[in-house]
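Colleague: Shown below is the structure under consideration.
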Amino acid sequence: MKREQLKASFAKKKKFLASIEGNQKKPLYQPKAPDVPKGLYEKCSACNNTFPQTDVIRNQLVCPHCHNHFRARAIDRIGMTVDAQTFVEKGFGYITLNPLFQEGYDQKVQQYKQTTNLDEAYVYGYAEIHGEACVIGVMDSYFMMGSMGSVVGEKVTKSIEYALYKKLPLIIFTASGGARMQEGIYSLMQMAKTSSALKKMDRQGLLYISVLTHPTTGGVTASFAMLGDIILAEPKALIGFAGPRVIEQTIRQSLPEGFQTAEFLLEKGMVDKVVHRHEMKKTLYTILKMHSRREL
Ligand SMILES: [Zn+2]
């Protein structure tokens, strides 16, 4: 009888513990998925309005109501920045390896390759902007948050070297979560590699324009993103190194409002101009034209 009672009390205790564990795993508030058919409508995260996707695409992925800039894929960015049919992609055949043998990394890369139709998070090539020749490189934040691993670092370096070889100005649109965790030290080494390639470009007197888009953080901000001769940024783009919570915890002070936004950095002199996406092509053309080496 005693044994049975003990068994029953154990079962009760086990059930109680399981129920607590179950409750802990469940989030207190479960957001409901919006009832918007995928691919037809786009919801703006800033003003919560919903628009037909065609309207948003026609408006260069900018909210028609509040002008919030949506994240753009590399292919869209190139399409809205350079002259039609002038882009010639360079730098193929790179294979992302798993140098630290991280579990699940290969599968993850494979998955992103399929969903984004890209080899890696960076695309570059030759292009013209209103007839002005340049080398353009674009990071794609849809590929593993645009994180910089060995291949991204190598492709960025190759794009700089290609601009050097062709003696052309270089434009890089950055969008990155920083160095790629899965590649550890190999990711961090890309910061030095890209920076030293840019130094060579600087010695040759070639123009490098860096365009910071939402979000540009971590090792990318700490290397080639901030080394532009001219640094442009898109409105309200998040630009920083570490996240605001980490900084607050480290310095034990609350941060000012708008910290790490493009406008804040403009005020502090880290960015030369905040440019609306509708004005980006025109602005880039003006800068390229001003620095053109064509003889008069
Ligand atoms: Zn909006």
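Quick note on naming: the chains in the structure tokens go A, B, ... in the order shown, residues restart at 1 in each chain, and ligands are numbered from 1 in order of appearance.
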Compile a residue-level contact table for chain A against ligand 1 at a cut-off of 12 Å, reporting for every qualifying residue the shortest atom pair and its distance in Å to one decimal, with only C-alpha atoms and all ligand atoms counted, rows ordered by chain and ascending number, as a Markdown table.
Modeller:
```
| residue | atom | partner | partner_atom_place_in_ligand_line | distance |
| --- | --- | --- | --- | --- |
| A:Glu42 | CA | ligand 1 | 1 (Zn) | 9.9 |
| A:Lys43 | CA | ligand 1 | 1 (Zn) | 7.8 |
| A:Cys44 | CA | ligand 1 | 1 (Zn) | 4.6 |
| A:Ser45 | CA | ligand 1 | 1 (Zn) | 6.6 |
| A:Ala46 | CA | ligand 1 | 1 (Zn) | 5.0 |
| A:Cys47 | CA | ligand 1 | 1 (Zn) | 4.1 |
| A:Asn48 | CA | ligand 1 | 1 (Zn) | 6.3 |
| A:Asn49 | CA | ligand 1 | 1 (Zn) | 6.0 |
| A:Thr50 | CA | ligand 1 | 1 (Zn) | 8.2 |
| A:Phe51 | CA | ligand 1 | 1 (Zn) | 9.2 |
| A:Val56 | CA | ligand 1 | 1 (Zn) | 10.3 |
| A:Leu61 | CA | ligand 1 | 1 (Zn) | 10.7 |
| A:Val62 | CA | ligand 1 | 1 (Zn) | 8.0 |
| A:Cys63 | CA | ligand 1 | 1 (Zn) | 4.6 |
| A:Pro64 | CA | ligand 1 | 1 (Zn) | 6.7 |
| A:His65 | CA | ligand 1 | 1 (Zn) | 5.1 |
| A:Cys66 | CA | ligand 1 | 1 (Zn) | 4.1 |
| A:His67 | CA | ligand 1 | 1 (Zn) | 5.9 |
| A:Asn68 | CA | ligand 1 | 1 (Zn) | 5.2 |
| A:His69 | CA | ligand 1 | 1 (Zn) | 8.4 |
| A:Phe70 | CA | ligand 1 | 1 (Zn) | 9.2 |
```
Colleague: Just asking: which residues within region 12-169 of chain A are alpha helix (DSSP H) according to DSSP, as an NGL selection string?
Modeller: :A and (12-25 or 53-58 or 74-81 or 105-116 or 150-166)
Colleague: Which residue gives the smallest distance to Ile160 (chain A) among A:Met201, A:Ala133, A:Ala192, A:Met270, with only C-alpha atoms counted?
Modeller: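 Nearest to Ile160 (chain A): A:Met201.
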Colleague: Taking the backbone alone, and naming residues the way the document does, which bits of region 107-259 of chain A are strand (DSSP E) by DSSP, as a VMD selection string?
Modeller: chain A and resid 122 to 129 132 to 139 170 to 176 208 to 216 230 to 233
Colleague: Between CA of Met280 (chain A) and CA of Arg293 (chain A), what distance in Å does the model show, to one decimal?
Modeller: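 Between CA of Met280 (chain A) and CA of Arg293 (chain A) the gap is 21.5 Å.
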